[in-house]
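Undergrad: Pasting start_4.pdb here (PDB, C-alpha atoms):
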ATOM      1  CA  MET A   7       7.307  14.168  41.097
ATOM      2  CA  SER A   8       6.000  16.685  43.626
ATOM      3  CA  SER A   9       7.108  16.249  47.234
ATOM      4  CA  GLU A  10       4.200  18.315  48.557
ATOM      5  CA  LEU A  11       2.091  16.604  51.182
ATOM      6  CA  SER A  12      -1.238  15.332  49.855
ATOM      7  CA  VAL A  13      -4.496  16.216  51.626
ATOM      8  CA  SER A  14      -7.668  14.216  52.208
ATOM      9  CA  ALA A  15     -10.649  16.399  53.090
ATOM     10  CA  VAL A  16     -13.491  14.774  55.022
ATOM     11  CA  ILE A  17     -16.981  16.222  55.475
ATOM     12  CA  CYS A  18     -19.564  14.422  57.603
ATOM     13  CA  THR A  19     -23.061  15.624  56.764
ATOM     14  CA  ARG A  20     -26.702  15.024  57.563
ATOM     15  CA  ASN A  21     -29.714  16.718  55.924
ATOM     16  CA  ARG A  22     -27.953  20.010  55.163
ATOM     17  CA  PRO A  23     -27.491  20.173  51.380
ATOM     18  CA  VAL A  24     -27.333  23.967  51.121
ATOM     19  CA  ASP A  25     -24.558  24.202  53.697
ATOM     20  CA  LEU A  26     -22.733  21.251  52.126
ATOM     21  CA  ARG A  27     -22.735  22.876  48.684
ATOM     22  CA  ARG A  28     -21.158  26.024  50.078
ATOM     23  CA  THR A  29     -18.440  24.052  51.868
ATOM     24  CA  LEU A  30     -17.612  21.962  48.798
ATOM     25  CA  GLU A  31     -17.412  25.034  46.594
ATOM     26  CA  SER A  32     -14.910  26.648  48.950
ATOM     27  CA  LEU A  33     -12.800  23.461  48.784
ATOM     28  CA  ALA A  34     -12.925  23.527  44.983
ATOM     29  CA  TRP A  35     -11.630  27.125  44.981
ATOM     30  CA  GLN A  36      -8.494  26.350  46.960
ATOM     31  CA  SER A  37      -5.108  27.453  45.617
ATOM     32  CA  THR A  38      -3.819  24.009  46.654
ATOM     33  CA  ARG A  39      -6.165  21.224  45.621
ATOM     34  CA  CYS A  40      -7.048  18.271  47.834
ATOM     35  CA  ALA A  41      -5.970  14.839  46.626
ATOM     36  CA  GLU A  42      -9.394  13.534  47.630
ATOM     37  CA  ILE A  43     -12.628  14.781  49.168
ATOM     38  CA  ILE A  44     -14.754  12.274  51.065
ATOM     39  CA  VAL A  45     -18.315  13.065  52.099
ATOM     40  CA  VAL A  46     -19.838  10.697  54.665
ATOM     41  CA  ASP A  47     -23.596  11.118  54.447
ATOM     42  CA  ASP A  48     -26.136   9.730  56.913
ATOM     43  CA  SER A  49     -29.012  11.902  55.704
ATOM     44  CA  ASP A  50     -32.560  10.590  55.607
ATOM     45  CA  ARG A  51     -32.985   8.262  52.630
ATOM     46  CA  GLU A  52     -35.184  10.644  50.665
ATOM     47  CA  ARG A  53     -32.473  13.335  50.840
ATOM     48  CA  ARG A  54     -29.439  11.284  49.819
ATOM     49  CA  SER A  55     -29.937  11.861  46.109
ATOM     50  CA  GLU A  56     -29.710  15.584  46.831
ATOM     51  CA  THR A  57     -26.302  15.076  48.444
ATOM     52  CA  GLU A  58     -25.114  13.081  45.440
ATOM     53  CA  ARG A  59     -26.270  15.760  42.993
ATOM     54  CA  ILE A  60     -24.391  18.441  44.915
ATOM     55  CA  CYS A  61     -21.205  16.364  45.032
ATOM     56  CA  ASP A  62     -21.433  15.597  41.294
ATOM     57  CA  ALA A  63     -21.892  19.275  40.452
ATOM     58  CA  VAL A  64     -18.851  20.641  42.285
ATOM     59  CA  ASP A  65     -15.581  21.134  40.382
ATOM     60  CA  ALA A  66     -13.705  18.470  42.333
ATOM     61  CA  ASP A  67     -13.447  14.709  42.642
ATOM     62  CA  VAL A  68     -15.786  13.842  45.523
ATOM     63  CA  THR A  69     -16.416  10.366  46.934
ATOM     64  CA  VAL A  70     -19.731   9.910  48.746
ATOM     65  CA  ILE A  71     -20.120   7.240  51.419
ATOM     66  CA  THR A  72     -23.640   6.671  52.721
ATOM     67  CA  LYS A  73     -24.571   5.057  56.013
ATOM     68  CA  GLU A  74     -27.895   4.189  57.610
ATOM     69  CA  THR A  75     -27.478   4.983  61.296
ATOM     70  CA  PRO A  76     -26.861   8.651  62.143
ATOM     71  CA  GLY A  77     -23.822   9.373  64.251
ATOM     72  CA  LEU A  78     -20.861  11.705  63.817
ATOM     73  CA  THR A  79     -18.217   9.564  65.533
ATOM     74  CA  ALA A  80     -19.075   6.548  63.374
ATOM     75  CA  SER A  81     -18.888   8.749  60.251
ATOM     76  CA  ARG A  82     -15.473  10.061  61.233
ATOM     77  CA  ASN A  83     -14.197   6.538  61.943
ATOM     78  CA  ILE A  84     -15.382   5.320  58.540
ATOM     79  CA  ALA A  85     -13.421   8.145  56.964
ATOM     80  CA  ILE A  86     -10.274   7.228  58.916
ATOM     81  CA  GLU A  87     -10.419   3.786  57.310
ATOM     82  CA  ARG A  88     -10.734   5.253  53.795
ATOM     83  CA  VAL A  89      -8.419   8.271  53.610
ATOM     84  CA  THR A  90      -5.136   8.011  51.694
ATOM     85  CA  GLY A  91      -3.632  11.517  51.905
ATOM     86  CA  ASP A  92      -0.612  12.463  54.000
ATOM     87  CA  VAL A  93      -2.772  14.915  55.962
ATOM     88  CA  THR A  94      -6.452  14.405  56.771
ATOM     89  CA  ILE A  95      -8.624  17.442  57.492
ATOM     90  CA  PHE A  96     -12.104  17.052  58.983
ATOM     91  CA  PHE A  97     -14.584  19.810  58.187
ATOM     92  CA  ASP A  98     -18.107  20.466  59.368
ATOM     93  CA  ASP A  99     -20.614  20.821  56.538
ATOM     94  CA  ASP A 100     -21.243  24.492  57.408
ATOM     95  CA  VAL A 101     -17.826  26.086  56.899
ATOM     96  CA  VAL A 102     -16.311  28.248  54.186
ATOM     97  CA  LEU A 103     -12.546  28.140  53.683
ATOM     98  CA  ARG A 104     -10.369  31.063  52.678
ATOM     99  CA  PRO A 105      -8.765  30.289  49.269
ATOM    100  CA  ASP A 106      -5.332  29.579  50.795
ATOM    101  CA  TYR A 107      -6.539  27.500  53.760
ATOM    102  CA  ILE A 108      -5.266  24.149  52.419
ATOM    103  CA  ALA A 109      -1.958  25.685  51.306
ATOM    104  CA  GLU A 110      -1.358  27.146  54.764
ATOM    105  CA  MET A 111      -2.202  23.867  56.486
ATOM    106  CA  VAL A 112       0.117  21.907  54.160
ATOM    107  CA  ALA A 113       2.906  24.394  54.895
ATOM    108  CA  ALA A 114       2.423  23.929  58.642
ATOM    109  CA  PHE A 115       2.780  20.141  58.441
ATOM    110  CA  THR A 116       5.669  20.385  55.950
ATOM    111  CA  ASN A 117       7.665  22.857  58.032
ATOM    112  CA  ASP A 118       7.163  20.909  61.263
ATOM    113  CA  PRO A 119       7.582  17.137  60.742
ATOM    114  CA  GLY A 120       6.684  16.559  64.404
ATOM    115  CA  LEU A 121       3.312  18.256  64.096
ATOM    116  CA  VAL A 122       0.481  15.703  64.408
ATOM    117  CA  GLY A 123      -2.670  17.827  64.811
ATOM    118  CA  ALA A 124      -3.595  21.341  63.751
ATOM    119  CA  GLY A 125      -6.581  23.642  63.585
ATOM    120  CA  GLY A 126      -7.123  26.806  61.587
ATOM    121  CA  SER A 127      -8.267  30.188  62.866
ATOM    122  CA  ILE A 128     -12.065  30.221  63.076
ATOM    123  CA  ASP A 129     -14.072  33.300  62.206
ATOM    124  CA  ASP A 130     -17.712  32.960  63.216
ATOM    125  CA  ASP A 131     -20.674  34.739  64.727
ATOM    126  CA  HIS A 132     -20.800  32.655  67.884
ATOM    127  CA  VAL A 133     -20.967  34.526  71.197
ATOM    128  CA  TYR A 134     -18.814  32.808  73.813
ATOM    129  CA  GLY A 135     -19.343  32.844  77.547
ATOM    130  CA  ALA A 136     -18.510  35.911  79.600
ATOM    131  CA  ARG A 137     -15.114  36.038  81.277
ATOM    132  CA  TRP A 138     -16.636  36.118  84.762
ATOM    133  CA  LEU A 139     -18.444  32.846  84.054
ATOM    134  CA  ARG A 140     -15.321  31.181  82.708
ATOM    135  CA  ALA A 141     -13.421  32.330  85.786
ATOM    136  CA  LEU A 142     -16.039  30.741  88.059
ATOM    137  CA  LEU A 143     -15.735  27.546  86.040
ATOM    138  CA  MET A 144     -11.997  27.588  86.753
ATOM    139  CA  ILE A 145     -11.372  28.257  83.055
ATOM    140  CA  PRO A 146      -9.218  31.323  82.334
ATOM    141  CA  GLY A 147     -10.827  33.838  79.992
ATOM    142  CA  ARG A 148      -7.614  34.075  77.970
ATOM    143  CA  PRO A 149      -7.733  31.667  74.987
ATOM    144  CA  THR A 150      -4.976  29.154  75.709
ATOM    145  CA  GLY A 151      -6.372  25.959  74.176
ATOM    146  CA  ARG A 152      -5.863  24.012  77.401
ATOM    147  CA  VAL A 153      -7.944  21.148  78.803
ATOM    148  CA  TYR A 154      -8.334  21.236  82.574
ATOM    149  CA  ARG A 155      -8.688  18.473  85.147
ATOM    150  CA  SER A 156     -12.388  19.240  85.417
ATOM    151  CA  GLY A 157     -12.803  18.232  81.759
ATOM    152  CA  TRP A 158     -13.688  21.769  80.683
ATOM    153  CA  SER A 159     -11.408  23.561  78.233
ATOM    154  CA  SER A 160     -10.371  27.104  77.359
ATOM    155  CA  GLN A 161     -11.003  28.630  73.955
ATOM    156  CA  LEU A 162      -8.492  28.246  71.142
ATOM    157  CA  PRO A 163      -6.454  31.322  70.241
ATOM    158  CA  ARG A 164      -7.466  33.014  67.007
ATOM    159  CA  SER A 165      -5.159  34.391  64.317
ATOM    160  CA  SER A 166      -2.029  32.996  65.962
ATOM    161  CA  THR A 167       0.060  29.836  65.851
ATOM    162  CA  ARG A 168       0.765  28.193  69.188
ATOM    163  CA  ALA A 169       0.774  24.803  70.900
ATOM    164  CA  VAL A 170      -2.609  23.713  72.302
ATOM    165  CA  GLU A 171      -4.151  20.653  73.961
ATOM    166  CA  HIS A 172      -7.300  20.287  71.878
ATOM    167  CA  LEU A 173      -8.899  21.152  68.534
ATOM    168  CA  ILE A 174     -12.371  22.055  67.289
ATOM    169  CA  GLY A 175     -14.190  19.660  64.987
ATOM    170  CA  CYS A 176     -15.279  22.174  62.339
ATOM    171  CA  ASN A 177     -11.686  22.160  61.057
ATOM    172  CA  MET A 178      -9.118  19.804  62.497
ATOM    173  CA  ALA A 179      -6.175  18.341  60.596
ATOM    174  CA  TYR A 180      -4.109  15.294  61.481
ATOM    175  CA  ARG A 181      -1.022  13.617  60.109
ATOM    176  CA  THR A 182      -2.697  10.553  58.654
ATOM    177  CA  SER A 183       0.056   8.054  59.523
ATOM    178  CA  VAL A 184      -0.453   8.816  63.231
ATOM    179  CA  MET A 185      -4.214   9.389  63.135
ATOM    180  CA  LYS A 186      -4.876   5.919  61.718
ATOM    181  CA  ASN A 187      -3.735   4.455  65.033
ATOM    182  CA  TYR A 188      -6.693   6.143  66.751
ATOM    183  CA  ARG A 189     -10.483   6.104  66.524
ATOM    184  CA  PHE A 190     -13.130   8.525  67.746
ATOM    185  CA  ASN A 191     -14.791   7.375  70.958
ATOM    186  CA  SER A 192     -18.011   5.464  70.261
ATOM    187  CA  ASP A 193     -19.445   6.656  73.601
ATOM    188  CA  PHE A 194     -20.186   9.943  71.828
ATOM    189  CA  ARG A 195     -23.427   9.327  69.955
ATOM    190  CA  GLY A 196     -25.768  11.340  67.757
ATOM    191  CA  TYR A 197     -24.642  14.950  67.433
ATOM    192  CA  ALA A 198     -21.667  13.792  69.505
ATOM    193  CA  LEU A 199     -20.989  16.875  71.601
ATOM    194  CA  GLY A 200     -17.308  16.895  72.606
ATOM    195  CA  GLU A 201     -16.029  14.055  70.423
ATOM    196  CA  ASP A 202     -13.557  16.436  68.741
ATOM    197  CA  LEU A 203     -12.297  17.703  72.079
ATOM    198  CA  GLU A 204     -11.801  14.199  73.470
ATOM    199  CA  PHE A 205     -10.060  12.838  70.346
ATOM    200  CA  SER A 206      -7.581  15.678  69.997
ATOM    201  CA  HIS A 207      -6.867  15.796  73.730
ATOM    202  CA  ARG A 208      -6.197  12.050  73.745
ATOM    203  CA  LEU A 209      -3.498  12.570  71.120
ATOM    204  CA  ALA A 210      -2.041  15.421  73.181
ATOM    205  CA  LEU A 211      -1.972  13.235  76.302
ATOM    206  CA  ASP A 212      -0.045  10.641  74.293
ATOM    207  CA  GLY A 213       2.648  13.231  73.646
ATOM    208  CA  HIS A 214       1.756  14.265  70.104
ATOM    209  CA  ARG A 215       2.226  17.906  69.195
ATOM    210  CA  ILE A 216      -0.943  19.862  68.400
ATOM    211  CA  SER A 217      -1.080  23.479  67.320
ATOM    212  CA  THR A 218      -3.246  26.203  65.917
ATOM    213  CA  VAL A 219      -2.327  27.616  62.496
ATOM    214  CA  GLY A 220      -3.250  31.280  62.540
ATOM    215  CA  THR A 221      -2.807  31.794  58.799
ATOM    216  CA  ALA A 222      -5.267  29.002  57.854
ATOM    217  CA  ARG A 223      -8.539  30.887  58.140
ATOM    218  CA  ILE A 224     -12.048  29.497  57.968
ATOM    219  CA  TRP A 225     -15.554  30.859  58.449
ATOM    220  CA  HIS A 226     -17.916  28.732  60.523
ATOM    221  CA  ILE A 227     -21.556  29.475  59.790
ATOM    222  CA  THR A 228     -22.821  28.059  63.040
ATOM    223  CA  GLY A 229     -26.254  26.747  63.758
ATOM    224  CA  LEU A 230     -26.736  27.121  67.490
ATOM    225  CA  PRO A 231     -27.512  23.926  69.402
ATOM    226  CA  ARG A 232     -30.834  23.210  71.051
ATOM    227  CA  LEU A 233     -29.979  23.856  74.661
ATOM    228  CA  ASP A 234     -32.472  21.381  76.071
ATOM    229  CA  ARG A 235     -32.266  18.781  78.844
ATOM    230  CA  ALA A 236     -30.387  16.274  76.669
ATOM    231  CA  TRP A 237     -27.822  18.915  75.750
ATOM    232  CA  GLY A 238     -27.409  19.904  79.394
ATOM    233  CA  TYR A 239     -26.832  16.272  80.330
ATOM    234  CA  ARG A 240     -24.286  15.570  77.623
ATOM    235  CA  GLU A 241     -22.245  18.749  78.198
ATOM    236  CA  VAL A 242     -21.600  17.538  81.759
ATOM    237  CA  VAL A 243     -21.151  13.768  81.435
ATOM    238  CA  ILE A 244     -18.491  14.119  78.736
ATOM    239  CA  ARG A 245     -16.073  15.831  81.132
ATOM    240  CA  PRO A 246     -14.442  12.749  82.711
ATOM    241  CA  ILE A 247     -14.031  11.221  79.241
ATOM    242  CA  VAL A 248     -12.440  14.409  77.910
ATOM    243  CA  ALA A 249     -10.060  14.855  80.865
ATOM    244  CA  GLY A 250      -8.971  11.221  80.688
ATOM    245  CA  PRO A 251      -6.486  10.073  83.335
ATOM    246  CA  ARG A 252      -6.046  13.676  84.549
ATOM    247  CA  PHE A 253      -9.681  13.910  85.670
ATOM    248  CA  SER A 254     -10.275  15.370  89.144
ATOM    249  CA  ARG A 255     -13.664  14.881  90.809
ATOM    250  CA  VAL A 256     -13.051  17.939  92.998
ATOM    251  CA  ALA A 257     -12.265  20.202  90.031
ATOM    252  CA  PHE A 258     -15.242  18.739  88.182
ATOM    253  CA  LEU A 259     -17.631  19.338  91.087
ATOM    254  CA  VAL A 260     -16.575  22.990  91.456
ATOM    255  CA  SER A 261     -16.925  23.722  87.729
ATOM    256  CA  ALA A 262     -20.101  21.684  87.226
ATOM    257  CA  THR A 263     -21.858  23.239  90.231
ATOM    258  CA  THR A 264     -21.134  26.744  88.974
ATOM    259  CA  PHE A 265     -22.320  25.733  85.522
ATOM    260  CA  LEU A 266     -25.528  24.332  87.021
ATOM    261  CA  LEU A 267     -26.267  27.439  89.106
ATOM    262  CA  THR A 268     -25.744  29.702  86.106
ATOM    263  CA  ASN A 269     -28.091  27.640  83.947
ATOM    264  CA  LEU A 270     -30.773  27.585  86.649
ATOM    265  CA  VAL A 271     -31.149  31.294  85.933
ATOM    266  CA  ARG A 272     -30.562  31.237  82.187
ATOM    267  CA  ASN A 273     -32.138  27.954  81.097
ATOM    268  CA  PRO A 274     -33.866  25.739  83.708
ATOM    269  CA  GLU A 275     -34.442  22.895  81.243
ATOM    270  CA  ARG A 276     -30.744  22.757  80.416
ATOM    271  CA  ALA A 277     -29.981  22.928  84.154
ATOM    272  CA  ARG A 278     -32.094  19.810  84.789
ATOM    273  CA  GLY A 279     -29.889  17.974  82.319
ATOM    274  CA  ASN A 280     -26.801  19.353  84.062
ATOM    275  CA  LEU A 281     -28.057  18.042  87.412
ATOM    276  CA  ALA A 282     -28.699  14.556  86.033
ATOM    277  CA  GLY A 283     -25.238  14.533  84.465
ATOM    278  CA  ILE A 284     -23.518  15.609  87.668
ATOM    279  CA  GLY A 285     -25.292  12.833  89.544
ATOM    280  CA  ASP A 286     -24.219  10.184  87.037
ATOM    281  CA  VAL A 287     -20.598  11.349  87.019
ATOM    282  CA  LEU A 288     -20.320  11.371  90.811
ATOM    283  CA  ARG A 289     -21.921   7.916  91.006
ATOM    284  CA  GLY A 290     -19.580   6.593  88.316
ATOM    285  CA  ARG A 291     -22.428   5.656  85.989
ATOM    286  CA  PRO A 292     -21.817   5.418  82.246
ATOM    287  CA  PRO A 293     -23.490   8.172  80.185
ATOM    288  CA  ARG A 294     -27.140   7.530  79.349
ATOM    289  CA  ASP A 295     -28.236   7.742  75.715
ATOM    290  CA  ILE A 296     -31.095  10.196  76.353
ATOM    291  CA  GLN A 297     -31.679  11.142  72.729
ATOM    292  CA  THR A 298     -29.879  12.151  69.595
ATOM    293  CA  LEU A 299     -28.666  15.726  69.912
ATOM    294  CA  ARG A 300     -29.253  17.843  66.874
ATOM    295  CA  LYS A 301     -28.341  21.329  65.747
ATOM    296  CA  GLY A 302     -31.166  23.809  65.781
ATOM    297  CA  ARG A 303     -31.774  27.121  64.118
ATOM    298  CA  ARG A 304     -29.647  30.128  64.898
ATOM    299  CA  THR A 305     -31.391  32.388  67.381
TER     300      THR A 305
END
Could the structure of this file be written out as structure tokens, please?
TA:
Amino acid sequence: MSSELSVSAVICTRNRPVDLRRTLESLAWQSTRCAEIIVVDDSDRERRSETERICDAVDADVTVITKETPGLTASRNIAIERVTGDVTIFFDDDVVLRPDYIAEMVAAFTNDPGLVGAGGSIDDDHVYGARWLRALLMIPGRPTGRVYRSGWSSQLPRSSTRAVEHLIGCNMAYRTSVMKNYRFNSDFRGYALGEDLEFSHRLALDGHRISTVGTARIWHITGLPRLDRAWGYREVVIRPIVAGPRFSRVAFLVSATTFLLTNLVRNPERARGNLAGIGDVLRGRPPRDIQTLRKGRRT
């Protein structure tokens, strides 16, 4: 009997069948096969049959779970209840894995029994903020994978393996035996901006080891978010939740004010959301459910 760790792959999807097909095909091509692939689908009813056809067509055993109410955190929590593999890896529905991604991730967890969370090296076409802006936000430009007392975080290092304090939701792996003791925060609704950051950082705060795995490479075909007022609000109000017990109102105010002033020039609508979020955080109000945040077209 093989002693190799088994892997459960989880993909949460909504109304993106073309992207989902590409992701599933890259999972089917892996040199190390997943023990199970679970797709949690909260697409519109008229599009669910399309998801099922795609999952049936791929050269892998795929289980589809459908749910009525859209919401990424709820989808992830459903998957936590269902997975059976030794390692659970969450993927966005718009990624393509290198053929040895699963093998490299299994090796990382096998070689380090104390490793609880891991993320692969992400190749994408996303343009990240300028270093001067990150410096003003009290976030070093160097990618360290840290989460600061303001609730903002630094980028994850690429193509290297090192300890970090958070992971990115497009590809994040957890040792299932530990992960099942946790759930994603239900305060993150809809598109759920930051739910991955908060979940992984909570495990790090509890003393669990989290790391990047530079040899597990993945391509993220990003659809840029709609940077509207709702987005601006959510990207601010999540910060105390992300920072947890380390949250500092002073650090938050410095970072958030700089963020607001920058967006006043770049995107006034987003800035109005930032301002509302800053007000709610400083008053201690719970986050308002303005609207469901959705991914938009790449611009």
Undergrad: Pull out every residue that the PyMOL selection byres ((chain A and resi 125) around 12) matches in the shown coordinates and put them as a PyMOL selection string.
TA: chain A and resi 94-97+107-108+110-112+114-115+121-124+126-128+151+162-181+202-203+206+215-224
Undergrad: Which neighbours of stretch 17-21 of chain A fall inside 6 Å, counting all atoms listed in the file, when residues of the same chain fewer than 5 positions from it are skipped, and could you give them as an mmCIF file with C-alpha atoms, in the frame of the given file?
TA:
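See result.cif below for the written result:
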data_model
loop_
_atom_site.group_PDB
_atom_site.id
_atom_site.type_symbol
_atom_site.label_atom_id
_atom_site.label_comp_id
_atom_site.auth_asym_id
_atom_site.auth_seq_id
_atom_site.Cartn_x
_atom_site.Cartn_y
_atom_site.Cartn_z
ATOM 1 C CA VAL A 45 -18.315 13.065 52.099
ATOM 2 C CA VAL A 46 -19.838 10.697 54.665
ATOM 3 C CA ASP A 47 -23.596 11.118 54.447
ATOM 4 C CA ASP A 48 -26.136 9.730 56.913
ATOM 5 C CA SER A 49 -29.012 11.902 55.704
ATOM 6 C CA PHE A 97 -14.584 19.810 58.187
ATOM 7 C CA ASP A 98 -18.107 20.466 59.368
ATOM 8 C CA ASP A 99 -20.614 20.821 56.538
#
Undergrad: Which is closest to A:Arg82 among A:Thr264, A:Ser254, A:Asn269, A:Ser192, if we use only C-alpha atoms?
TA: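 Going through A:Thr264, A:Ser254, A:Asn269, A:Ser192 one by one, the smallest distance to A:Arg82 is for A:Ser192.
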Undergrad: If I take atom CA of A:Arg53 and atom CA of A:Leu199, how far is one from the other in Å, to one decimal?
TA: 24.0 Å
Undergrad: Could you check the closest approach to A:Arg289 for each of A:Leu26, A:Ala257, A:Val243, A:Ala63 and tell me which residue wins, using only C-alpha atoms?
TA: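 Nearest to A:Arg289: A:Val243.
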Undergrad: Quick one: residues within 9 Å of A:Leu30, only C-alpha atoms counted, chain neighbours fewer than 5 positions away excluded, as a PyMOL selection string?
TA: chain A and resi 17+25+35+43+60-61+64-66+68+99+102
Undergrad: From the list A:Val93, A:Asp62, A:Leu78, A:Arg22, which residue is nearest A:Ala41 when using only C-alpha atoms?
TA: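 Using only C-alpha atoms, A:Ala41 sits closest to A:Val93.
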Undergrad: Expressed in Å to a single decimal, how great is the separation between atom CA of A:Val271 and atom CA of A:Tyr239?
TA: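 Those two atoms sit 16.6 Å apart.
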Undergrad: Go through A:Ala282, A:Leu233, A:Met185, A:Leu288 and flag the residue nearest A:Phe258, using all atoms listed in the file for the distances.
TA: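 Answer, going by the shortest atom-to-atom distance: A:Leu288.
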Undergrad: Rank A:His207, A:Asp100, A:Arg291, A:Tyr154 by their smallest atom-to-atom distance to A:Arg28, using all atoms listed in the file, and report the top residue only.
TA: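 Once distances to A:Arg28 are computed over all atoms listed in the file, the minimum belongs to A:Asp100.
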Undergrad: Given the choices A:Gly238, A:Pro251, A:Pro76, A:Pro246, which gets closest to A:Pro274 if the distance is worked out from all atoms listed in the file?
TA: A:Gly238
Undergrad: Using atom CA of A:Asp118 and atom CA of A:Phe205 as the two end points, give the distance in Å to one decimal.
TA: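 Rounded to one decimal, the two atoms are 21.1 Å apart.
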Undergrad: With the file shown as input, list the residues that the PyMOL selection byres ((chain A and resi 234) around 8) selects, as a list in words.
TA: Arg232, Leu233, Arg235, Ala236, Trp237, Gly238, Glu275, Arg276 and Gly279 of chain A
Undergrad: Compile the contact shell of A:Val101 as an NGL selection string: residues with an atom at most 6 Å away, counting only C-alpha atoms, same-chain residues fewer than 5 positions apart removed.
TA: :A and (29 or 225-227)
Undergrad: Output requested as an mmCIF file, in the frame of the given file - stretch 12-31 of chain A, filled out with N, CA and C atoms.
TA:
data_model
loop_
_atom_site.group_PDB
_atom_site.id
_atom_site.type_symbol
_atom_site.label_atom_id
_atom_site.label_comp_id
_atom_site.auth_asym_id
_atom_site.auth_seq_id
_atom_site.Cartn_x
_atom_site.Cartn_y
_atom_site.Cartn_z
ATOM 1 N N SER A 12 0.118 15.439 50.412
ATOM 2 C CA SER A 12 -1.238 15.332 49.855
ATOM 3 C C SER A 12 -2.266 15.441 50.971
ATOM 4 N N VAL A 13 -3.464 15.936 50.633
ATOM 5 C CA VAL A 13 -4.496 16.216 51.626
ATOM 6 C C VAL A 13 -5.781 15.464 51.287
ATOM 7 N N SER A 14 -6.328 14.799 52.287
ATOM 8 C CA SER A 14 -7.668 14.216 52.208
ATOM 9 C C SER A 14 -8.600 15.099 53.028
ATOM 10 N N ALA A 15 -9.645 15.605 52.391
ATOM 11 C CA ALA A 15 -10.649 16.399 53.090
ATOM 12 C C ALA A 15 -11.854 15.528 53.381
ATOM 13 N N VAL A 16 -12.349 15.591 54.607
ATOM 14 C CA VAL A 16 -13.491 14.774 55.022
ATOM 15 C C VAL A 16 -14.602 15.688 55.523
ATOM 16 N N ILE A 17 -15.809 15.476 55.006
ATOM 17 C CA ILE A 17 -16.981 16.222 55.475
ATOM 18 C C ILE A 17 -18.044 15.214 55.881
ATOM 19 N N CYS A 18 -18.463 15.261 57.127
ATOM 20 C CA CYS A 18 -19.564 14.422 57.603
ATOM 21 C C CYS A 18 -20.827 15.278 57.593
ATOM 22 N N THR A 19 -21.877 14.790 56.956
ATOM 23 C CA THR A 19 -23.061 15.624 56.764
ATOM 24 C C THR A 19 -24.339 14.848 57.030
ATOM 25 N N ARG A 20 -25.374 15.604 57.376
ATOM 26 C CA ARG A 20 -26.702 15.024 57.563
ATOM 27 C C ARG A 20 -27.771 16.082 57.311
ATOM 28 N N ASN A 21 -28.522 15.901 56.220
ATOM 29 C CA ASN A 21 -29.714 16.718 55.924
ATOM 30 C C ASN A 21 -29.427 18.214 55.831
ATOM 31 N N ARG A 22 -28.258 18.589 55.303
ATOM 32 C CA ARG A 22 -27.953 20.010 55.163
ATOM 33 C C ARG A 22 -27.317 20.279 53.796
ATOM 34 N N PRO A 23 -28.068 20.056 52.725
ATOM 35 C CA PRO A 23 -27.491 20.173 51.380
ATOM 36 C C PRO A 23 -27.031 21.575 51.016
ATOM 37 N N VAL A 24 -27.729 22.600 51.462
ATOM 38 C CA VAL A 24 -27.333 23.967 51.121
ATOM 39 C C VAL A 24 -25.980 24.306 51.747
ATOM 40 N N ASP A 25 -25.832 23.970 53.019
ATOM 41 C CA ASP A 25 -24.558 24.202 53.697
ATOM 42 C C ASP A 25 -23.444 23.386 53.048
ATOM 43 N N LEU A 26 -23.739 22.134 52.719
ATOM 44 C CA LEU A 26 -22.733 21.251 52.126
ATOM 45 C C LEU A 26 -22.237 21.810 50.800
ATOM 46 N N ARG A 27 -23.143 22.309 49.973
ATOM 47 C CA ARG A 27 -22.735 22.876 48.684
ATOM 48 C C ARG A 27 -21.741 24.023 48.881
ATOM 49 N N ARG A 28 -22.024 24.882 49.819
ATOM 50 C CA ARG A 28 -21.158 26.024 50.078
ATOM 51 C C ARG A 28 -19.769 25.571 50.532
ATOM 52 N N THR A 29 -19.722 24.569 51.392
ATOM 53 C CA THR A 29 -18.440 24.052 51.868
ATOM 54 C C THR A 29 -17.646 23.425 50.736
ATOM 55 N N LEU A 30 -18.304 22.614 49.920
ATOM 56 C CA LEU A 30 -17.612 21.962 48.798
ATOM 57 C C LEU A 30 -17.092 22.982 47.788
ATOM 58 N N GLU A 31 -17.864 24.004 47.533
ATOM 59 C CA GLU A 31 -17.412 25.034 46.594
ATOM 60 C C GLU A 31 -16.162 25.739 47.106
#
